[in-house]
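Participant: What follows is model12.pdb; its format and atoms are PDB, C-alpha atoms.
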```pdb
ATOM      1  CA  THR K   1      17.656  -2.427  -0.367
ATOM      2  CA  GLY K   2      16.727  -3.561   3.101
ATOM      3  CA  THR K   3      19.126  -5.204   5.517
ATOM      4  CA  ARG K   4      18.950  -8.964   5.182
ATOM      5  CA  ALA K   5      18.533 -10.985   8.343
ATOM      6  CA  ARG K   6      18.399 -14.675   9.079
ATOM      7  CA  ALA K   7      15.027 -16.016  10.113
ATOM      8  CA  ARG K   8      14.920 -17.107  13.696
ATOM      9  CA  PRO K   9      12.643 -19.869  15.013
ATOM     10  CA  SER K  10       9.185 -18.721  15.975
ATOM     11  CA  ARG K  11       7.775 -19.376  19.437
ATOM     12  CA  ARG K  12       4.209 -19.012  18.290
ATOM     13  CA  GLN K  13       1.483 -20.862  20.155
ATOM     14  CA  PRO K  14      -0.528 -23.571  18.350
ATOM     15  CA  SER K  15      -3.605 -21.344  18.168
ATOM     16  CA  ALA K  16      -1.647 -18.722  16.225
ATOM     17  CA  ARG K  17      -0.292 -21.314  13.828
ATOM     18  CA  ALA K  18      -3.731 -22.743  13.296
ATOM     19  CA  ARG K  19      -5.172 -19.333  12.483
ATOM     20  CA  LEU K  20      -2.365 -18.663  10.021
ATOM     21  CA  THR K  21      -2.504 -21.997   8.194
ATOM     22  CA  PRO K  22      -2.262 -21.187   4.481
ATOM     23  CA  GLY K  23      -5.502 -21.436   2.565
ATOM     24  CA  PRO K  24      -7.170 -19.726  -0.352
ATOM     25  CA  ALA K  25      -6.164 -16.090  -0.599
ATOM     26  CA  PRO K  26      -8.972 -13.515  -0.316
ATOM     27  CA  ARG K  27     -10.791 -13.023  -3.613
ATOM     28  CA  ARG K  28     -11.557  -9.652  -5.162
ATOM     29  CA  PRO K  29     -15.088  -9.104  -6.477
ATOM     30  CA  TRP K  30     -13.836  -7.632  -9.775
ATOM     31  CA  GLY K  31     -11.704 -10.666 -10.653
ATOM     32  CA  THR K  32      -8.035 -10.963 -11.477
ATOM     33  CA  LEU K  33      -6.217  -8.263 -13.425
ATOM     34  CA  ARG K  34      -2.681  -8.595 -14.707
ATOM     35  CA  PRO K  35      -1.455  -5.105 -15.575
ATOM     36  CA  GLY K  36       2.229  -6.028 -15.855
ATOM     37  CA  PRO K  37       4.488  -2.963 -16.009
ATOM     38  CA  ARG K  38       1.981  -0.795 -17.871
ATOM     39  CA  LEU K  39       1.400   1.431 -14.847
ATOM     40  CA  ARG K  40       5.131   2.013 -14.851
ATOM     41  CA  ARG K  41       4.952   3.250 -18.415
ATOM     42  CA  ALA K  42       1.823   5.365 -17.933
ATOM     43  CA  LEU K  43       2.488   6.895 -14.525
ATOM     44  CA  GLY K  44       6.031   6.126 -13.434
ATOM     45  CA  VAL K  45       5.035   4.186 -10.320
ATOM     46  CA  ASP K  46       7.986   2.702  -8.450
ATOM     47  CA  VAL K  47       6.228  -0.002  -6.405
ATOM     48  CA  LEU K  48       3.515  -2.313  -7.728
ATOM     49  CA  GLU K  49       1.757  -4.500  -5.160
ATOM     50  CA  VAL K  50       0.235  -7.443  -6.979
ATOM     51  CA  GLY K  51      -1.647  -9.488  -4.370
ATOM     52  CA  TYR K  52      -1.077 -12.905  -2.833
ATOM     53  CA  ALA K  53       1.262 -15.638  -4.053
ATOM     54  CA  ILE K  54      -0.315 -18.239  -1.759
ATOM     55  CA  GLY K  55      -3.709 -19.807  -2.342
ATOM     56  CA  GLY K  56      -3.153 -22.001  -5.393
ATOM     57  CA  PRO K  57      -1.257 -22.123  -8.677
ATOM     58  CA  SER K  58      -3.268 -19.277 -10.234
ATOM     59  CA  GLY K  59      -2.129 -16.765  -7.606
ATOM     60  CA  LEU K  60       1.488 -17.874  -7.760
ATOM     61  CA  ASP K  61       1.499 -17.880 -11.556
ATOM     62  CA  ALA K  62      -0.082 -14.415 -11.793
ATOM     63  CA  VAL K  63       2.459 -12.877  -9.428
ATOM     64  CA  ALA K  64       5.366 -14.637 -11.147
ATOM     65  CA  GLU K  65       4.109 -13.483 -14.554
ATOM     66  CA  ILE K  66       4.066  -9.830 -13.442
ATOM     67  CA  ALA K  67       7.478 -10.208 -11.807
ATOM     68  CA  ARG K  68       8.940 -11.616 -15.031
ATOM     69  CA  ALA K  69       7.352  -8.840 -17.092
ATOM     70  CA  ALA K  70       8.759  -6.202 -14.771
ATOM     71  CA  GLY K  71      12.215  -7.761 -15.015
ATOM     72  CA  SER K  72      12.254  -8.253 -18.762
ATOM     73  CA  ALA K  73      14.595  -6.255 -20.943
ATOM     74  CA  GLY K  74      11.654  -4.487 -22.507
ATOM     75  CA  ALA K  75      10.064  -3.350 -19.273
ATOM     76  CA  PRO K  76       9.817   0.456 -19.276
ATOM     77  CA  ARG K  77      12.005   2.403 -16.878
ATOM     78  CA  PRO K  78      11.895   6.186 -16.761
ATOM     79  CA  PRO K  79      15.331   7.809 -17.205
ATOM     80  CA  GLY K  80      17.264   7.754 -13.959
ATOM     81  CA  ALA K  81      14.601   5.710 -12.164
ATOM     82  CA  ALA K  82      15.298   2.692 -10.000
ATOM     83  CA  SER K  83      14.005  -0.735 -10.925
ATOM     84  CA  LEU K  84      10.281  -1.311 -10.542
ATOM     85  CA  CYS K  85       9.683  -2.930  -7.160
ATOM     86  CA  VAL K  86       7.145  -5.773  -7.222
ATOM     87  CA  ALA K  87       5.540  -6.299  -3.800
ATOM     88  CA  VAL K  88       3.593  -9.392  -2.738
ATOM     89  CA  LEU K  89       1.316  -9.823   0.276
ATOM     90  CA  ALA K  90       1.972 -12.485   2.902
ATOM     91  CA  ARG K  91       0.410 -13.487   6.155
ATOM     92  CA  ALA K  92       2.882 -14.066   8.990
ATOM     93  CA  ALA K  93       3.215 -17.728   8.049
ATOM     94  CA  PRO K  94       6.358 -19.388   6.622
ATOM     95  CA  ALA K  95       4.446 -20.951   3.717
ATOM     96  CA  ASP K  96       3.115 -17.531   2.635
ATOM     97  CA  ILE K  97       6.547 -15.928   2.822
ATOM     98  CA  ASP K  98       8.231 -18.778   0.978
ATOM     99  CA  ALA K  99       5.618 -18.635  -1.795
ATOM    100  CA  CYS K 100       6.274 -14.899  -2.166
ATOM    101  CA  ALA K 101      10.007 -15.510  -2.457
ATOM    102  CA  GLU K 102       9.435 -18.101  -5.175
ATOM    103  CA  ALA K 103       7.093 -15.815  -7.119
ATOM    104  CA  LEU K 104       9.571 -12.933  -6.948
ATOM    105  CA  ARG K 105      12.593 -14.842  -8.250
ATOM    106  CA  HIS K 106      12.539 -13.011 -11.607
ATOM    107  CA  ALA K 107      11.515  -9.573 -10.330
ATOM    108  CA  PRO K 108      14.040  -6.757 -10.809
ATOM    109  CA  LEU K 109      13.413  -5.760  -7.193
ATOM    110  CA  GLY K 110      11.168  -7.755  -4.882
ATOM    111  CA  ARG K 111       9.372  -6.919  -1.665
ATOM    112  CA  ILE K 112       7.419  -9.162   0.695
ATOM    113  CA  ASN K 113       4.689  -7.305   2.596
ATOM    114  CA  VAL K 114       3.882  -9.171   5.819
ATOM    115  CA  PHE K 115       0.693  -8.102   7.573
ATOM    116  CA  LEU K 116      -0.507  -8.927  11.063
ATOM    117  CA  PRO K 117      -3.254  -7.600  13.389
ATOM    118  CA  ALA K 118      -2.261  -4.744  15.670
ATOM    119  CA  SER K 119      -5.518  -3.941  17.498
ATOM    120  CA  ASP K 120      -6.712  -6.018  20.439
ATOM    121  CA  ALA K 121     -10.011  -6.746  18.679
ATOM    122  CA  HIS K 122      -8.295  -8.175  15.597
ATOM    123  CA  ILE K 123      -5.703 -10.068  17.643
ATOM    124  CA  GLU K 124      -8.414 -11.750  19.690
ATOM    125  CA  ALA K 125     -10.649 -12.554  16.723
ATOM    126  CA  LYS K 126      -7.935 -13.789  14.352
ATOM    127  CA  LEU K 127      -5.030 -15.039  16.449
ATOM    128  CA  GLN K 128      -6.213 -15.545  20.031
ATOM    129  CA  VAL K 129      -2.733 -14.932  21.395
ATOM    130  CA  SER K 130      -1.137 -12.367  23.689
ATOM    131  CA  ARG K 131       0.448  -9.110  22.610
ATOM    132  CA  THR K 132       3.857 -10.534  23.484
ATOM    133  CA  GLN K 133       3.260 -13.453  21.129
ATOM    134  CA  VAL K 134       2.223 -11.053  18.380
ATOM    135  CA  LEU K 135       5.516  -9.188  18.780
ATOM    136  CA  ASP K 136       7.445 -12.443  18.467
ATOM    137  CA  LEU K 137       5.394 -13.613  15.493
ATOM    138  CA  ALA K 138       5.826 -10.302  13.673
ATOM    139  CA  ALA K 139       9.579 -10.162  14.251
ATOM    140  CA  SER K 140      10.064 -13.759  13.127
ATOM    141  CA  ALA K 141       7.983 -13.256   9.984
ATOM    142  CA  VAL K 142       9.737 -10.031   9.000
ATOM    143  CA  ALA K 143      13.157 -11.576   9.605
ATOM    144  CA  ARG K 144      12.200 -14.451   7.313
ATOM    145  CA  ALA K 145      10.904 -12.043   4.671
ATOM    146  CA  ALA K 146      14.036  -9.878   4.885
ATOM    147  CA  ALA K 147      16.185 -12.958   4.358
ATOM    148  CA  ALA K 148      14.096 -14.063   1.374
ATOM    149  CA  ALA K 149      13.720 -10.808  -0.597
ATOM    150  CA  PRO K 150      15.622  -7.545  -1.114
ATOM    151  CA  GLN K 151      12.917  -5.601   0.737
ATOM    152  CA  ALA K 152      10.543  -6.491   3.574
ATOM    153  CA  GLN K 153       7.479  -4.467   4.536
ATOM    154  CA  PHE K 154       5.389  -4.877   7.639
ATOM    155  CA  THR K 155       1.774  -3.718   7.725
ATOM    156  CA  ALA K 156       0.064  -3.228  11.087
ATOM    157  CA  GLU K 157      -3.488  -4.305  10.331
ATOM    158  CA  ASP K 158      -6.115  -2.141  12.072
ATOM    159  CA  GLY K 159      -3.257  -0.013  13.349
ATOM    160  CA  SER K 160      -5.571   2.990  13.458
ATOM    161  CA  ARG K 161      -7.483   1.364  16.347
ATOM    162  CA  ALA K 162      -4.484  -0.204  18.108
ATOM    163  CA  ASP K 163      -3.219   0.887  21.476
ATOM    164  CA  PRO K 164      -0.567   3.513  20.576
ATOM    165  CA  ALA K 165       1.978   2.082  22.993
ATOM    166  CA  PHE K 166       1.600  -1.431  21.602
ATOM    167  CA  LEU K 167       1.661  -0.138  18.025
ATOM    168  CA  ALA K 168       4.971   1.557  18.815
ATOM    169  CA  ASP K 169       6.357  -1.683  20.287
ATOM    170  CA  LEU K 170       5.185  -3.630  17.244
ATOM    171  CA  CYS K 171       6.680  -1.204  14.735
ATOM    172  CA  GLY K 172       9.917  -1.104  16.709
ATOM    173  CA  ALA K 173      10.171  -4.894  16.787
ATOM    174  CA  VAL K 174       9.811  -5.246  13.034
ATOM    175  CA  ALA K 175      12.188  -2.355  12.379
ATOM    176  CA  GLU K 176      14.872  -4.176  14.363
ATOM    177  CA  ALA K 177      13.997  -7.453  12.604
ATOM    178  CA  GLY K 178      14.828  -6.013   9.190
ATOM    179  CA  ALA K 179      11.749  -4.223   7.859
ATOM    180  CA  THR K 180      12.470  -1.825   5.019
ATOM    181  CA  VAL K 181       9.005  -0.252   5.162
ATOM    182  CA  VAL K 182       6.533  -0.053   8.072
ATOM    183  CA  SER K 183       2.912   0.674   7.199
ATOM    184  CA  VAL K 184       0.047   1.602   9.507
ATOM    185  CA  ALA K 185      -3.311   0.431   8.151
ATOM    186  CA  ASP K 186      -6.657   2.115   8.746
ATOM    187  CA  THR K 187      -8.389  -1.171   8.057
ATOM    188  CA  ALA K 188     -11.840  -0.035   9.176
ATOM    189  CA  GLY K 189     -11.605   3.319   7.390
ATOM    190  CA  CYS K 190     -12.301   5.289  10.577
ATOM    191  CA  TRP K 191      -9.445   7.812  10.619
ATOM    192  CA  LEU K 192      -9.820  11.550  10.185
ATOM    193  CA  PRO K 193      -6.934  13.226   8.309
ATOM    194  CA  GLN K 194      -5.578  14.849  11.463
ATOM    195  CA  GLY K 195      -5.725  11.457  13.176
ATOM    196  CA  ALA K 196      -3.713   9.876  10.379
ATOM    197  CA  GLU K 197      -1.104  12.631  10.660
ATOM    198  CA  ALA K 198      -0.885  12.287  14.435
ATOM    199  CA  ALA K 199      -0.650   8.479  14.290
ATOM    200  CA  LEU K 200       2.260   8.545  11.843
ATOM    201  CA  ARG K 201       4.085  11.221  13.818
ATOM    202  CA  ALA K 202       3.681   9.273  17.055
ATOM    203  CA  ALA K 203       4.739   5.942  15.572
ATOM    204  CA  ARG K 204       7.811   7.471  13.944
ATOM    205  CA  ALA K 205       8.856   9.213  17.135
ATOM    206  CA  ALA K 206       8.347   6.107  19.251
ATOM    207  CA  CYS K 207      10.450   3.974  16.892
ATOM    208  CA  ALA K 208      13.448   6.295  16.762
ATOM    209  CA  GLN K 209      15.359   4.234  19.349
ATOM    210  CA  SER K 210      14.603   0.988  17.537
ATOM    211  CA  GLU K 211      15.917   2.481  14.307
ATOM    212  CA  ALA K 212      19.046   3.611  16.137
ATOM    213  CA  ARG K 213      19.631   0.115  17.543
ATOM    214  CA  ALA K 214      19.187  -1.360  14.071
ATOM    215  CA  ASP K 215      21.474   1.363  12.660
ATOM    216  CA  ARG K 216      19.051   1.964   9.808
ATOM    217  CA  ARG K 217      15.983   4.034   9.009
ATOM    218  CA  VAL K 218      12.718   2.569   7.811
ATOM    219  CA  ALA K 219      10.352   4.189   5.342
ATOM    220  CA  TRP K 220       6.875   4.854   6.729
ATOM    221  CA  SER K 221       3.661   4.144   4.873
ATOM    222  CA  ALA K 222      -0.114   4.237   5.318
ATOM    223  CA  HIS K 223      -2.874   2.018   3.976
ATOM    224  CA  CYS K 224      -6.247   3.771   4.074
ATOM    225  CA  HIS K 225      -9.772   2.438   3.524
ATOM    226  CA  ASN K 226     -12.657   4.591   2.374
ATOM    227  CA  ASP K 227     -15.568   3.596   4.602
ATOM    228  CA  LEU K 228     -16.133   7.233   5.624
ATOM    229  CA  GLY K 229     -15.153   8.630   2.234
ATOM    230  CA  LEU K 230     -11.898   9.989   3.657
ATOM    231  CA  ALA K 231      -9.265   7.524   2.396
ATOM    232  CA  SER K 232      -7.538   9.928   0.017
ATOM    233  CA  ALA K 233      -7.598  12.743   2.594
ATOM    234  CA  ASN K 234      -6.257  10.372   5.244
ATOM    235  CA  ALA K 235      -3.438   9.260   2.951
ATOM    236  CA  LEU K 236      -2.434  12.898   2.549
ATOM    237  CA  GLY K 237      -2.689  13.359   6.323
ATOM    238  CA  ALA K 238      -0.298  10.440   6.746
ATOM    239  CA  VAL K 239       2.125  12.088   4.316
ATOM    240  CA  ALA K 240       1.952  15.255   6.400
ATOM    241  CA  GLY K 241       2.823  13.061   9.391
ATOM    242  CA  GLY K 242       5.952  11.718   7.715
ATOM    243  CA  ALA K 243       4.804   8.824   5.523
ATOM    244  CA  ARG K 244       6.840   8.682   2.335
ATOM    245  CA  GLN K 245       4.801   5.919   0.778
ATOM    246  CA  VAL K 246       1.020   5.595   0.579
ATOM    247  CA  GLU K 247      -0.827   2.579  -0.747
ATOM    248  CA  VAL K 248      -3.354   3.591  -3.369
ATOM    249  CA  THR K 249      -5.395   2.084  -6.194
ATOM    250  CA  LEU K 250      -6.712   3.495  -9.443
ATOM    251  CA  LEU K 251     -10.251   4.761  -8.877
ATOM    252  CA  GLY K 252      -9.960   3.578  -5.276
ATOM    253  CA  VAL K 253     -11.019   0.043  -6.171
ATOM    254  CA  GLY K 254     -10.694  -2.157  -3.096
ATOM    255  CA  ALA K 255     -12.494  -4.006  -0.328
ATOM    256  CA  ARG K 256     -15.857  -2.663   0.853
ATOM    257  CA  ALA K 257     -15.906   1.070   0.041
ATOM    258  CA  GLY K 258     -12.431   0.909  -1.491
ATOM    259  CA  ASN K 259      -9.053   2.471  -0.796
ATOM    260  CA  ALA K 260      -7.288   5.782  -1.267
ATOM    261  CA  LYS K 261      -7.476   6.822  -4.921
ATOM    262  CA  LEU K 262      -4.185   7.062  -6.761
ATOM    263  CA  GLU K 263      -5.375   9.839  -9.064
ATOM    264  CA  GLU K 264      -6.640  12.013  -6.201
ATOM    265  CA  VAL K 265      -3.650  11.558  -3.910
ATOM    266  CA  ALA K 266      -1.152  12.061  -6.741
ATOM    267  CA  LEU K 267      -2.697  15.297  -7.986
ATOM    268  CA  ALA K 268      -3.366  16.767  -4.537
ATOM    269  CA  ALA K 269       0.178  15.994  -3.415
ATOM    270  CA  ALA K 270       1.573  17.619  -6.560
ATOM    271  CA  LEU K 271      -0.467  20.775  -5.943
ATOM    272  CA  HIS K 272       0.495  21.002  -2.256
ATOM    273  CA  THR K 273       4.155  20.037  -2.095
ATOM    274  CA  ASP K 274       5.019  22.944   0.218
ATOM    275  CA  ALA K 275       2.324  22.074   2.738
ATOM    276  CA  LEU K 276       3.246  18.370   2.715
ATOM    277  CA  GLY K 277       6.982  18.914   2.689
ATOM    278  CA  CYS K 278       7.663  16.438  -0.081
ATOM    279  CA  ALA K 279       7.114  15.797  -3.773
ATOM    280  CA  HIS K 280       6.704  12.820  -6.098
ATOM    281  CA  ALA K 281       7.717  12.053  -9.679
ATOM    282  CA  LEU K 282       4.515  10.446 -10.966
ATOM    283  CA  ARG K 283       3.514  11.471 -14.492
ATOM    284  CA  LEU K 284       0.189  13.194 -13.936
ATOM    285  CA  ARG K 285      -0.644  13.360 -17.642
ATOM    286  CA  GLY K 286      -1.079   9.608 -17.603
ATOM    287  CA  LEU K 287      -3.795   9.608 -14.931
ATOM    288  CA  ALA K 288      -6.890   9.971 -17.135
ATOM    289  CA  GLY K 289      -5.749   7.342 -19.630
ATOM    290  CA  ALA K 290      -4.702   4.881 -16.936
ATOM    291  CA  ALA K 291      -8.001   5.310 -15.085
ATOM    292  CA  ALA K 292     -10.037   4.809 -18.266
ATOM    293  CA  ALA K 293      -8.065   1.715 -19.270
ATOM    294  CA  PHE K 294      -8.404   0.222 -15.807
ATOM    295  CA  ALA K 295     -12.123   0.979 -15.705
ATOM    296  CA  ARG K 296     -12.637  -0.917 -18.968
ATOM    297  CA  ARG K 297     -10.685  -3.943 -17.758
ATOM    298  CA  ALA K 298     -12.243  -4.026 -14.294
ATOM    299  CA  GLY K 299     -15.788  -3.180 -15.352
ATOM    300  CA  VAL K 300     -15.853  -0.207 -12.974
ATOM    301  CA  PRO K 301     -17.335   2.830 -14.733
ATOM    302  CA  VAL K 302     -15.789   6.245 -14.146
ATOM    303  CA  ALA K 303     -18.516   8.574 -12.838
ATOM    304  CA  ARG K 304     -18.852  11.757 -14.859
ATOM    305  CA  GLY K 305     -18.508  13.787 -11.677
ATOM    306  CA  LYS K 306     -15.486  11.823 -10.473
ATOM    307  CA  ALA K 307     -12.734  13.993  -8.970
ATOM    308  CA  VAL K 308      -9.593  14.457 -11.094
ATOM    309  CA  VAL K 309     -10.594  12.245 -14.061
ATOM    310  CA  GLY K 310     -14.393  12.696 -14.441
ATOM    311  CA  ASP K 311     -15.777  14.072 -17.718
ATOM    312  CA  HIS K 312     -17.586  16.938 -15.979
ATOM    313  CA  LEU K 313     -14.234  18.528 -15.185
ATOM    314  CA  ARG K 314     -13.838  19.384 -18.850
ATOM    315  CA  ALA K 315     -16.986  21.509 -18.836
ATOM    316  CA  GLN K 316     -18.074  24.684 -17.114
ATOM    317  CA  ASP K 317     -21.121  24.459 -14.872
ATOM    318  CA  ALA K 318     -24.194  26.497 -15.720
ATOM    319  CA  GLY K 319     -26.030  28.838 -13.331
ATOM    320  CA  GLN K 320     -23.974  31.059 -11.104
ATOM    321  CA  HIS K 321     -20.698  29.638 -12.460
ATOM    322  CA  VAL K 322     -20.281  32.049 -15.374
ATOM    323  CA  GLY K 323     -17.113  33.436 -16.867
ATOM    324  CA  PRO K 324     -13.840  31.788 -17.869
ATOM    325  CA  ALA K 325     -13.632  28.138 -16.860
ATOM    326  CA  ASP K 326     -10.268  28.730 -15.188
ATOM    327  CA  LEU K 327     -12.054  30.701 -12.466
ATOM    328  CA  TYR K 328     -13.610  27.480 -11.189
ATOM    329  CA  ARG K 329     -10.738  25.017 -11.623
ATOM    330  CA  ALA K 330      -8.030  23.951  -9.209
ATOM    331  CA  PHE K 331      -6.107  22.462 -12.143
ATOM    332  CA  ASP K 332      -6.196  22.271 -15.921
ATOM    333  CA  PRO K 333      -7.819  18.966 -17.023
ATOM    334  CA  GLN K 334      -5.059  18.640 -19.595
ATOM    335  CA  ASP K 335      -2.607  18.319 -16.714
ATOM    336  CA  VAL K 336      -4.015  14.862 -16.029
ATOM    337  CA  GLY K 337      -4.302  13.875 -19.687
ATOM    338  CA  MET K 338      -7.874  14.928 -20.398
ATOM    339  CA  GLU K 339      -8.197  16.389 -23.907
TER     340      GLU K 339
END
```
Produce structure tokens that represent the structure in this file.

Facilitator:
Amino acid sequence: TGTRARARPSRRQPSARARLTPGPAPRRPWGTLRPGPRLRRALGVDVLEVGYAIGGPSGLDAVAEIARAAGSAGAPRPPGAASLCVAVLARAAPADIDACAEALRHAPLGRINVFLPASDAHIEAKLQVSRTQVLDLAASAVARAAAAAPQAQFTAEDGSRADPAFLADLCGAVAEAGATVVSVADTAGCWLPQGAEAALRAARAACAQSEARADRRVAWSAHCHNDLGLASANALGAVAGGARQVEVTLLGVGARAGNAKLEEVALAAALHTDALGCAHALRLRGLAGAAAAFARRAGVPVARGKAVVGDHLRAQDAGQHVGPADLYRAFDPQDVGME
């Protein structure tokens, strides 16, 4: 549970407030899905980010419905596991944060994920304020979120293209304001894996003094987009750099070319725990079933050659690939639930 802090008045300029005036939340091209706690049952996930609470009654109701389902007596909880954390996205605007707090009232454990531009290009295009004003806006928003929910996350939008020194200042400011989790986002999907690792290492090192002043440690995270086809690899690079949370989706469904794929990151991390220096408790045997169920609901077909859960992994290629199938497999398809 993150340290709670009282919100302090914001000194944002009118242009920043105007840019952050609540309006309709971004819409996803595949519609609205309400999975409830079923991913918890199938895979053992511990955090479920469910979208925006702002933008109309439908968004608020959907988030509140999932929060209630996660907090119900019948919600599945693996033995010894903590409560399922339900996370909700918020812009750095009081109305967004307050809507998240309302939607999370019945969640067993709630988190408000505040995001704000970190790169100069995004700051100029979206906020038209100075870096100093961004620091103040971020700290005020995170303090408000930390006072309104058990956990507060801050996501540095386009952090992969931000000035490293300013990114460090930004992450330090929100750590001192009460952030439980700090996430660096590769919003344009331009990282290489070694870049993701280096960025997380640098941000963590630069924020050590801020964590000491706050007398608390934050958890580090990465949010990777797939524009170059490297989102899953970049997520693993971030883990190598010290991230202990990565934001993933089944089949990588997300904006533009999508996000890091849950099934790929989960299996690769399980196979390379020594190299990454950490392990997870996700139930890999649920991956194939969860991906198939999601694909049916979302109308996103699973390609036969899809990594980890594609049908072709059950078979042995023809041609030069002759002999026992195990010679050509990094894992047994049954390990991910493929019969």

Participant: Decode the PyMOL selection byres ((chain K and resi 85-101) around 9) for the given file into explicit residues and return them as a PyMOL selection string.

Facilitator: chain K and resi 17+20-22+46-55+60+63+66-67+70+82-84+102-105+107-116+137-138+140-142+144-145+148-149+151-153

Participant: Just want the 9 Å neighbourhood of stretch 232-248 of chain K, counted on only C-alpha atoms, with same-chain residues fewer than 5 positions away dropped. Output as JSON, numbers by chain.

Facilitator: {"K": [49, 181, 183, 186, 191, 192, 193, 194, 195, 196, 197, 198, 199, 200, 201, 202, 204, 219, 220, 221, 222, 223, 224, 225, 226, 253, 259, 260, 261, 262, 263, 264, 265, 268, 269, 275, 276, 277, 278]}

Participant: Interatomic distance between atom CA of K:Thr187 and atom CA of K:Ser160?

Facilitator: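 Computed distance, atom CA of K:Thr187 to atom CA of K:Ser160, equals 7.4 Å.
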
Participant: So how many Å separate atom CA of K:Ala139 and atom CA of K:Ala177, to one decimal?

Facilitator: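 Separation between atom CA of K:Ala139 and atom CA of K:Ala177: 5.4 Å.
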
Participant: Once the PyMOL selection byres ((chain K and resi 285) around 9) has been applied to the shown file, what residues remain in the selection, as a PDB file with C-alpha atoms, keeping the file's coordinate frame?

Facilitator:
```pdb
ATOM      1  CA  ALA K  42       1.823   5.365 -17.933  1.00  0.00           C
ATOM      2  CA  LEU K  43       2.488   6.895 -14.525  1.00  0.00           C
ATOM      3  CA  LEU K 282       4.515  10.446 -10.966  1.00  0.00           C
ATOM      4  CA  ARG K 283       3.514  11.471 -14.492  1.00  0.00           C
ATOM      5  CA  LEU K 284       0.189  13.194 -13.936  1.00  0.00           C
ATOM      6  CA  GLY K 286      -1.079   9.608 -17.603  1.00  0.00           C
ATOM      7  CA  LEU K 287      -3.795   9.608 -14.931  1.00  0.00           C
ATOM      8  CA  ALA K 288      -6.890   9.971 -17.135  1.00  0.00           C
ATOM      9  CA  GLY K 289      -5.749   7.342 -19.630  1.00  0.00           C
ATOM     10  CA  GLN K 334      -5.059  18.640 -19.595  1.00  0.00           C
ATOM     11  CA  ASP K 335      -2.607  18.319 -16.714  1.00  0.00           C
ATOM     12  CA  VAL K 336      -4.015  14.862 -16.029  1.00  0.00           C
ATOM     13  CA  GLY K 337      -4.302  13.875 -19.687  1.00  0.00           C
ATOM     14  CA  MET K 338      -7.874  14.928 -20.398  1.00  0.00           C
TER      15      MET K 338
END
```

Participant: So how far away is atom CA of K:Gly254 from atom CA of K:Phe294, in Å?

Facilitator: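 Result for atom CA of K:Phe294 versus atom CA of K:Gly254: 13.1 Å, one decimal.
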
Participant: List every protein, DNA or RNA residue with an atom no more than 10 Å from (-7.8, -1.1, 13.6) in the file's coordinates, counting all atoms listed in the file, and format the result as a PDB file with C-alpha atoms, in the coordinates of the input.

Facilitator:
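Here's the written file selection-v8.pdb:
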```
ATOM      1  CA  PRO K 117      -3.254  -7.600  13.389  1.00  0.00           C
ATOM      2  CA  ALA K 118      -2.261  -4.744  15.670  1.00  0.00           C
ATOM      3  CA  SER K 119      -5.518  -3.941  17.498  1.00  0.00           C
ATOM      4  CA  ASP K 120      -6.712  -6.018  20.439  1.00  0.00           C
ATOM      5  CA  ALA K 121     -10.011  -6.746  18.679  1.00  0.00           C
ATOM      6  CA  HIS K 122      -8.295  -8.175  15.597  1.00  0.00           C
ATOM      7  CA  ALA K 156       0.064  -3.228  11.087  1.00  0.00           C
ATOM      8  CA  GLU K 157      -3.488  -4.305  10.331  1.00  0.00           C
ATOM      9  CA  ASP K 158      -6.115  -2.141  12.072  1.00  0.00           C
ATOM     10  CA  GLY K 159      -3.257  -0.013  13.349  1.00  0.00           C
ATOM     11  CA  SER K 160      -5.571   2.990  13.458  1.00  0.00           C
ATOM     12  CA  ARG K 161      -7.483   1.364  16.347  1.00  0.00           C
ATOM     13  CA  ALA K 162      -4.484  -0.204  18.108  1.00  0.00           C
ATOM     14  CA  ASP K 163      -3.219   0.887  21.476  1.00  0.00           C
ATOM     15  CA  VAL K 184       0.047   1.602   9.507  1.00  0.00           C
ATOM     16  CA  ALA K 185      -3.311   0.431   8.151  1.00  0.00           C
ATOM     17  CA  ASP K 186      -6.657   2.115   8.746  1.00  0.00           C
ATOM     18  CA  THR K 187      -8.389  -1.171   8.057  1.00  0.00           C
ATOM     19  CA  ALA K 188     -11.840  -0.035   9.176  1.00  0.00           C
ATOM     20  CA  GLY K 189     -11.605   3.319   7.390  1.00  0.00           C
ATOM     21  CA  CYS K 190     -12.301   5.289  10.577  1.00  0.00           C
ATOM     22  CA  TRP K 191      -9.445   7.812  10.619  1.00  0.00           C
TER      23      TRP K 191
END
```

Participant: Extract, using only C-alpha atoms, all DNA, RNA and protein residues at most 10 Å from K:Arg216, discarding same-chain residues fewer than 5 positions from it, and format them as a list in words.

Facilitator: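 Answer for this query is Gly2, Thr3, Ala175, Glu176, Gly178, Ala179, Thr180, Ala208, Ser210 and Glu211 of chain K.
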
Participant: Ranking K:Ala147, K:Leu228, K:Leu250, K:Val45 by minimum distance to K:Val300 and counting only C-alpha atoms, which one comes first?

Facilitator: K:Leu250

Participant: For a quick check of understanding, using only C-alpha atoms, which of K:Ala290, K:Ala315, K:Ala255, K:Ala325 has the smallest distance to K:Arg41?

Facilitator: K:Ala290

Participant: Which residues fall under the PyMOL selection byres ((chain K and resi 167-170) around 6) in this file, as an NGL selection string?

Facilitator: :K and (135 or 164-166 or 171-173 or 203 or 206)
